[in-house]
Amino acid sequence: MGALMDAQIPEHHPLRQLFGGLAEKVFAEKLGWPDFKVTEYVSTLLVDFTRSDQLYRIKNSRGASVEAVVELLYESEVTLDAGSFEREREVHRHIGDFTLFMAGLFPEYLKRIKTANLVYHKDFLIDYIKTGKRSYRMVAEFGDAPETAEPQPSPPLFRKLAENFELCVLGLGYIRGDLDRLQDPQYQQARRLLN
């Protein structure tokens, strides 16, 4: 996931700095959880998911993007479409990332799925919090990822993400609030005056 983005968004890019700074501030100050590995993972997730091709990067056997969590769950099962335990781990990691991202930054989307009688929506019966926690827990149980060109996060990180999923969702909600304030015209005017 990160290899493609690393080539396109350099390490010192302002977007990485913005998300990294916001994640560190929110998780340390507002949540009382100054865990650098978690904040680094969350900020990298935010950078990666600024592109929809990364948000919907999992493809099915026909090469089409898989957009619904229920379909991602189907793709993750080694007895169905996953084909290998490596694929199962990859898809479960993506499910954890996707559900965390959507629940934290776009809770109104999840609420709309549940309350707007969108029974035709494939994720109508999916609980994003439970599903995300379960997927991160499964990634942790798989152990270390196979050797790749890019270093992968370790199982203890995914255990932390699973055990503290709701706290991470809350943290992303705070980050969204900070991003909204940064775009506020009054904030922008005050910032110009102070510079």
# chains A, B, ... in the order shown; residues from 1 in each chain; ligands from 1
call {"tool": "residues_around", "arguments": {"residues": "Val26 in chain A", "least_positions_apart": "5", "cutoff": "12 Å", "atoms": "only C-alpha atoms", "output": "ChimeraX atom specification"}}
result
/A:19-21,31-36,38-39,42-43,167-179
call {"tool": "write_last_selection", "arguments": {"atoms": "N, CA and C atoms", "output": "compact mmCIF listing (two decimals), in the first residue's frame"}}
result
# COMPACT_ATOMS: atom_id res chain seq x y z
N PHE A 19 -0.49 15.68 8.20
CA PHE A 19 -1.16 14.54 8.82
C PHE A 19 -0.35 13.99 9.99
N GLY A 20 0.97 13.94 9.84
CA GLY A 20 1.82 13.46 10.94
C GLY A 20 1.70 14.34 12.17
N GLY A 21 1.76 15.64 11.96
CA GLY A 21 1.64 16.58 13.08
C GLY A 21 0.29 16.51 13.75
N LEU A 31 -6.09 12.35 23.33
CA LEU A 31 -6.40 10.97 23.70
C LEU A 31 -5.49 10.43 24.81
N GLY A 32 -4.39 11.14 25.09
CA GLY A 32 -3.46 10.67 26.11
C GLY A 32 -2.75 9.38 25.73
N TRP A 33 -2.52 9.20 24.43
CA TRP A 33 -1.91 7.96 23.92
C TRP A 33 -0.79 8.31 22.94
N PRO A 34 0.37 8.73 23.46
CA PRO A 34 1.46 9.16 22.60
C PRO A 34 2.30 7.99 22.05
N ASP A 35 1.69 7.14 21.28
CA ASP A 35 2.36 5.98 20.72
C ASP A 35 2.78 6.32 19.28
N PHE A 36 4.09 6.50 19.08
CA PHE A 36 4.58 6.95 17.78
C PHE A 36 4.24 5.96 16.66
N VAL A 38 1.65 4.02 16.37
CA VAL A 38 0.23 4.16 16.03
C VAL A 38 0.01 5.46 15.24
N THR A 39 0.56 6.57 15.74
CA THR A 39 0.35 7.84 15.04
C THR A 39 0.99 7.84 13.65
N VAL A 42 -1.40 5.78 11.45
CA VAL A 42 -2.62 6.54 11.14
C VAL A 42 -2.32 7.66 10.15
N SER A 43 -1.23 8.38 10.34
CA SER A 43 -0.92 9.47 9.41
C SER A 43 -0.57 8.95 8.02
N LEU A 167 -10.85 4.11 20.03
CA LEU A 167 -10.02 5.25 20.36
C LEU A 167 -9.39 5.84 19.09
N CYS A 168 -8.98 4.96 18.18
CA CYS A 168 -8.43 5.43 16.90
C CYS A 168 -9.51 6.14 16.08
N VAL A 169 -10.72 5.61 16.09
CA VAL A 169 -11.84 6.27 15.39
C VAL A 169 -12.05 7.66 15.97
N LEU A 170 -12.04 7.75 17.29
CA LEU A 170 -12.20 9.05 17.95
C LEU A 170 -11.06 10.00 17.55
N GLY A 171 -9.85 9.49 17.52
CA GLY A 171 -8.70 10.29 17.11
C GLY A 171 -8.86 10.83 15.69
N LEU A 172 -9.32 9.98 14.79
CA LEU A 172 -9.55 10.44 13.42
C LEU A 172 -10.66 11.49 13.37
N GLY A 173 -11.65 11.36 14.23
CA GLY A 173 -12.70 12.37 14.31
C GLY A 173 -12.13 13.72 14.74
N TYR A 174 -11.23 13.71 15.71
CA TYR A 174 -10.56 14.95 16.12
C TYR A 174 -9.71 15.52 14.99
N ILE A 175 -9.03 14.65 14.27
CA ILE A 175 -8.22 15.11 13.14
C ILE A 175 -9.12 15.76 12.09
N ARG A 176 -10.26 15.15 11.83
CA ARG A 176 -11.20 15.75 10.88
C ARG A 176 -11.63 17.14 11.36
N GLY A 177 -11.91 17.26 12.64
CA GLY A 177 -12.28 18.57 13.19
C GLY A 177 -11.17 19.59 12.98
N ASP A 178 -9.93 19.17 13.22
CA ASP A 178 -8.80 20.08 12.99
C ASP A 178 -8.67 20.46 11.52
N LEU A 179 -8.86 19.50 10.64
CA LEU A 179 -8.81 19.79 9.19
C LEU A 179 -9.92 20.75 8.78
call {"tool": "residues_around", "arguments": {"residues": "range 131-136 of chain A", "least_positions_apart": "4", "cutoff": "12 Å", "atoms": "only C-alpha atoms", "output": "CSV table (one decimal) with N, CA, C and O atoms, in the first residue's frame"}}
result
chain,number,residue,atom,x,y,z
A,69,VAL,N,-17.6,-3.3,2.1
A,69,VAL,CA,-16.9,-4.1,3.1
A,69,VAL,C,-17.4,-5.5,3.0
A,69,VAL,O,-16.5,-6.4,3.1
A,70,VAL,N,-18.6,-5.7,2.8
A,70,VAL,CA,-19.1,-7.1,2.7
A,70,VAL,C,-18.4,-7.9,1.5
A,70,VAL,O,-18.1,-9.0,1.7
A,72,LEU,N,-15.4,-7.1,0.4
A,72,LEU,CA,-14.0,-7.3,0.9
A,72,LEU,C,-13.9,-8.5,1.8
A,72,LEU,O,-12.9,-9.2,1.7
A,73,LEU,N,-14.9,-8.7,2.7
A,73,LEU,CA,-14.9,-9.9,3.5
A,73,LEU,C,-14.9,-11.2,2.7
A,73,LEU,O,-14.2,-12.1,3.0
A,76,SER,N,-11.5,-11.8,1.3
A,76,SER,CA,-10.5,-12.1,2.3
A,76,SER,C,-10.5,-13.6,2.7
A,76,SER,O,-9.6,-14.0,3.4
A,77,GLU,N,-11.5,-14.3,2.4
A,77,GLU,CA,-11.6,-15.7,2.9
A,77,GLU,C,-10.8,-16.6,2.0
A,77,GLU,O,-11.1,-16.7,0.8
A,88,GLU,N,-5.2,-13.2,2.1
A,88,GLU,CA,-6.2,-13.0,3.2
A,88,GLU,C,-5.7,-11.9,4.2
A,88,GLU,O,-6.4,-11.0,4.6
A,89,ARG,N,-4.4,-12.0,4.5
A,89,ARG,CA,-3.8,-10.9,5.4
A,89,ARG,C,-3.9,-9.6,4.8
A,89,ARG,O,-4.3,-8.6,5.5
A,90,GLU,N,-3.5,-9.4,3.5
A,90,GLU,CA,-3.6,-8.2,2.8
A,90,GLU,C,-5.0,-7.6,2.8
A,90,GLU,O,-5.2,-6.4,3.1
A,91,VAL,N,-6.0,-8.4,2.5
A,91,VAL,CA,-7.4,-7.9,2.5
A,91,VAL,C,-7.9,-7.5,3.9
A,91,VAL,O,-8.5,-6.5,4.0
A,92,HIS,N,-7.5,-8.3,4.9
A,92,HIS,CA,-8.0,-8.0,6.2
A,92,HIS,C,-7.3,-6.7,6.7
A,92,HIS,O,-8.0,-5.9,7.4
A,93,ARG,N,-6.1,-6.5,6.3
A,93,ARG,CA,-5.4,-5.2,6.7
A,93,ARG,C,-6.2,-4.1,6.0
A,93,ARG,O,-6.5,-3.1,6.7
A,94,HIS,N,-6.5,-4.2,4.8
A,94,HIS,CA,-7.3,-3.2,4.1
A,94,HIS,C,-8.6,-3.0,4.7
A,94,HIS,O,-9.1,-1.8,4.8
A,95,ILE,N,-9.3,-4.0,5.1
A,95,ILE,CA,-10.6,-3.9,5.7
A,95,ILE,C,-10.5,-3.1,7.0
A,95,ILE,O,-11.3,-2.2,7.3
A,96,GLY,N,-9.5,-3.4,7.8
A,96,GLY,CA,-9.2,-2.6,9.1
A,96,GLY,C,-9.0,-1.2,8.7
A,96,GLY,O,-9.5,-0.3,9.4
A,97,ASP,N,-8.1,-0.9,7.7
A,97,ASP,CA,-7.8,0.5,7.4
A,97,ASP,C,-9.0,1.2,6.8
A,97,ASP,O,-9.3,2.3,7.2
A,98,PHE,N,-9.8,0.5,6.0
A,98,PHE,CA,-10.9,1.2,5.3
A,98,PHE,C,-12.0,1.5,6.4
A,98,PHE,O,-12.5,2.6,6.4
A,99,THR,N,-12.3,0.6,7.2
A,99,THR,CA,-13.3,0.8,8.2
A,99,THR,C,-12.9,1.9,9.2
A,99,THR,O,-13.7,2.7,9.7
A,100,LEU,N,-11.6,1.9,9.6
A,100,LEU,CA,-11.1,2.9,10.5
A,100,LEU,C,-11.2,4.3,9.9
A,100,LEU,O,-11.7,5.2,10.5
A,101,PHE,N,-10.8,4.4,8.6
A,101,PHE,CA,-10.8,5.6,7.9
A,101,PHE,C,-12.3,6.1,7.8
A,101,PHE,O,-12.6,7.3,8.1
A,102,MET,N,-13.2,5.3,7.3
A,102,MET,CA,-14.6,5.7,7.1
A,102,MET,C,-15.3,6.0,8.4
A,102,MET,O,-16.0,7.1,8.5
A,103,ALA,N,-15.1,5.2,9.4
A,103,ALA,CA,-15.8,5.5,10.7
A,103,ALA,C,-15.2,6.7,11.4
A,103,ALA,O,-16.0,7.5,12.0
A,104,GLY,N,-13.9,7.0,11.2
A,104,GLY,CA,-13.3,8.2,11.9
A,104,GLY,C,-13.5,9.5,11.1
A,104,GLY,O,-13.8,10.5,11.7
A,123,ASP,N,-23.5,-2.8,2.4
A,123,ASP,CA,-23.0,-2.7,3.8
A,123,ASP,C,-24.0,-2.4,4.8
A,123,ASP,O,-23.7,-2.1,6.0
A,125,LEU,N,-25.9,-4.1,6.7
A,125,LEU,CA,-25.9,-4.9,7.9
A,125,LEU,C,-24.5,-5.0,8.5
A,125,LEU,O,-24.3,-5.7,9.5
A,126,ILE,N,-23.5,-4.4,8.0
A,126,ILE,CA,-22.1,-4.5,8.4
A,126,ILE,C,-21.9,-3.4,9.5
A,126,ILE,O,-22.2,-2.3,9.4
A,127,ASP,N,-21.3,-3.9,10.7
A,127,ASP,CA,-20.9,-3.0,11.7
A,127,ASP,C,-19.4,-2.7,11.5
A,127,ASP,O,-18.5,-3.6,11.7
A,140,ALA,N,-3.0,-9.4,13.0
A,140,ALA,CA,-2.0,-9.6,14.1
A,140,ALA,C,-1.8,-11.1,14.3
A,140,ALA,O,-0.6,-11.5,14.6
A,141,GLU,N,-2.8,-11.9,14.2
A,141,GLU,CA,-2.7,-13.4,14.4
A,141,GLU,C,-1.9,-14.0,13.3
A,141,GLU,O,-1.3,-15.1,13.5
A,142,PHE,N,-2.0,-13.4,12.1
A,142,PHE,CA,-1.2,-14.0,11.0
A,142,PHE,C,0.3,-13.9,11.2
A,142,PHE,O,1.0,-14.6,10.6
A,143,GLY,N,0.7,-13.0,12.0
A,143,GLY,CA,2.1,-12.8,12.3
A,143,GLY,C,2.7,-11.9,11.3
A,143,GLY,O,2.0,-11.1,10.7
A,153,PRO,N,4.3,-3.1,9.0
A,153,PRO,CA,4.1,-3.0,10.4
A,153,PRO,C,4.0,-4.4,11.0
A,153,PRO,O,3.6,-5.4,10.4
A,154,SER,N,4.4,-4.5,12.3
A,154,SER,CA,4.4,-5.8,13.0
A,154,SER,C,3.1,-6.2,13.6
A,154,SER,O,2.3,-5.3,13.9
A,155,PRO,N,2.9,-7.5,14.0
A,155,PRO,CA,1.7,-7.9,14.7
A,155,PRO,C,1.3,-7.1,15.9
A,155,PRO,O,0.2,-6.8,16.1
A,156,PRO,N,2.3,-6.7,16.8
A,156,PRO,CA,1.9,-6.0,18.0
A,156,PRO,C,1.2,-4.6,17.6
A,156,PRO,O,0.3,-4.2,18.3
A,157,LEU,N,1.5,-4.0,16.5
A,157,LEU,CA,0.9,-2.8,16.1
A,157,LEU,C,-0.6,-3.1,15.8
A,157,LEU,O,-1.5,-2.4,16.2
A,158,PHE,N,-0.8,-4.2,15.0
A,158,PHE,CA,-2.2,-4.5,14.7
A,158,PHE,C,-3.0,-4.9,15.9
A,158,PHE,O,-4.2,-4.7,15.9
A,159,ARG,N,-2.4,-5.6,16.9
A,159,ARG,CA,-3.1,-5.9,18.1
A,159,ARG,C,-3.5,-4.6,18.8
A,159,ARG,O,-4.6,-4.5,19.3
A,160,LYS,N,-2.6,-3.6,18.9
A,160,LYS,CA,-3.0,-2.3,19.5
A,160,LYS,C,-4.1,-1.7,18.7
A,160,LYS,O,-5.1,-1.1,19.3
A,161,LEU,N,-4.1,-1.7,17.4
A,161,LEU,CA,-5.1,-1.1,16.6
A,161,LEU,C,-6.5,-1.8,16.8
A,161,LEU,O,-7.5,-1.2,16.9
A,162,ALA,N,-6.4,-3.1,17.0
A,162,ALA,CA,-7.7,-3.9,17.2
A,162,ALA,C,-8.2,-3.6,18.6
A,162,ALA,O,-9.4,-3.3,18.8
A,163,GLU,N,-7.4,-3.6,19.6
A,163,GLU,CA,-7.8,-3.4,21.0
A,163,GLU,C,-8.3,-2.0,21.2
A,163,GLU,O,-9.0,-1.7,22.1
A,164,ASN,N,-7.7,-1.0,20.5
A,164,ASN,CA,-8.1,0.4,20.7
A,164,ASN,C,-8.7,1.0,19.5
A,164,ASN,O,-8.6,2.2,19.2
A,165,PHE,N,-9.5,0.2,18.7
A,165,PHE,CA,-10.1,0.7,17.5
A,165,PHE,C,-11.0,1.9,17.7
A,165,PHE,O,-10.9,2.9,17.0
A,166,GLU,N,-11.8,1.8,18.7
A,166,GLU,CA,-12.7,3.0,19.0
A,166,GLU,C,-12.0,4.2,19.3
A,166,GLU,O,-12.3,5.3,18.9
A,167,LEU,N,-10.9,4.1,20.0
A,167,LEU,CA,-10.0,5.3,20.4
A,167,LEU,C,-9.4,5.8,19.1
A,167,LEU,O,-9.3,7.1,18.9
A,168,CYS,N,-9.0,5.0,18.2
A,168,CYS,CA,-8.4,5.4,16.9
A,168,CYS,C,-9.5,6.1,16.1
A,168,CYS,O,-9.2,7.2,15.4
A,169,VAL,N,-10.7,5.6,16.1
A,169,VAL,CA,-11.8,6.3,15.4
A,169,VAL,C,-12.1,7.7,16.0
A,169,VAL,O,-12.2,8.6,15.2
call {"tool": "residues_around", "arguments": {"residues": "Thr50 in chain A", "least_positions_apart": "6", "cutoff": "12 Å", "atoms": "only C-alpha atoms", "output": "PyMOL selection string"}}
result
chain A and resi 5+8-9+15-16+19+43-44+56+101+105
call {"tool": "select_by_dssp", "arguments": {"residues": "chain A", "states": "alpha helix (DSSP H)", "output": "ChimeraX atom specification"}}
result
/A:2-8,14-25,36-48,52-55,69-76,85-105,107-115,128-142,155-163,165-183,185-194
call {"tool": "residues_around", "arguments": {"residues": "Gln17 in chain A", "least_positions_apart": "6", "cutoff": "12 Å", "atoms": "only C-alpha atoms", "output": "PyMOL selection string"}}
result
chain A and resi 9-11+23-25+40+43-44+46-47
call {"tool": "write_last_selection", "arguments": {"atoms": "N, CA, C and O atoms", "output": "short mmCIF file (atom, residue, chain, number, x, y, z; two decimals), in the first residue's frame"}}
result
data_model
loop_
_atom_site.label_atom_id
_atom_site.label_comp_id
_atom_site.auth_asym_id
_atom_site.auth_seq_id
_atom_site.Cartn_x
_atom_site.Cartn_y
_atom_site.Cartn_z
N ILE A 9 4.34 10.66 -3.14
CA ILE A 9 4.33 11.70 -2.11
C ILE A 9 5.59 11.53 -1.28
O ILE A 9 5.70 10.61 -0.47
N PRO A 10 6.56 12.42 -1.49
CA PRO A 10 7.85 12.30 -0.80
C PRO A 10 7.71 12.38 0.72
O PRO A 10 6.73 12.91 1.25
N GLU A 11 8.70 11.86 1.40
CA GLU A 11 8.69 11.80 2.86
C GLU A 11 8.49 13.17 3.50
O GLU A 11 7.81 13.31 4.51
N ALA A 23 -1.85 13.96 13.74
CA ALA A 23 -2.01 12.67 14.42
C ALA A 23 -1.24 12.66 15.75
O ALA A 23 -1.78 12.24 16.78
N GLU A 24 0.00 13.13 15.74
CA GLU A 24 0.78 13.15 16.97
C GLU A 24 0.11 14.03 18.02
O GLU A 24 0.00 13.65 19.19
N LYS A 25 -0.35 15.21 17.62
CA LYS A 25 -0.99 16.14 18.55
C LYS A 25 -2.27 15.54 19.13
O LYS A 25 -2.47 15.53 20.35
N GLU A 40 2.13 7.18 13.54
CA GLU A 40 2.76 7.08 12.22
C GLU A 40 1.89 6.25 11.27
O GLU A 40 1.71 6.61 10.11
N SER A 43 -1.23 8.38 10.34
CA SER A 43 -0.92 9.47 9.41
C SER A 43 -0.57 8.95 8.02
O SER A 43 -0.96 9.54 7.01
N THR A 44 0.11 7.81 7.95
CA THR A 44 0.41 7.21 6.65
C THR A 44 -0.88 6.75 5.97
O THR A 44 -1.05 6.92 4.76
N LEU A 46 -3.80 8.12 6.32
CA LEU A 46 -4.45 9.32 5.81
C LEU A 46 -3.83 9.78 4.49
O LEU A 46 -4.54 10.14 3.55
N VAL A 47 -2.51 9.75 4.43
CA VAL A 47 -1.83 10.14 3.18
C VAL A 47 -2.20 9.18 2.06
O VAL A 47 -2.57 9.59 0.97
#
call {"tool": "atom_distance", "arguments": {"atom1": "CA of Pro14 in chain A", "atom2": "CA of Glu108 in chain A"}}
result
27.7 Å
call {"tool": "closest_residue", "arguments": {"among": "A:Gln183, A:Leu45, A:Lys114, A:Tyr74", "to": "Ile58 in chain A", "atoms": "only C-alpha atoms"}}
result
A:Tyr74
call {"tool": "atom_distance", "arguments": {"atom1": "CA of Glu67 in chain A", "atom2": "CA of Phe106 in chain A"}}
result
15.2 Å
call {"tool": "atom_distance", "arguments": {"atom1": "CA of Asn60 in chain A", "atom2": "CA of Arg87 in chain A"}}
result
11.2 Å
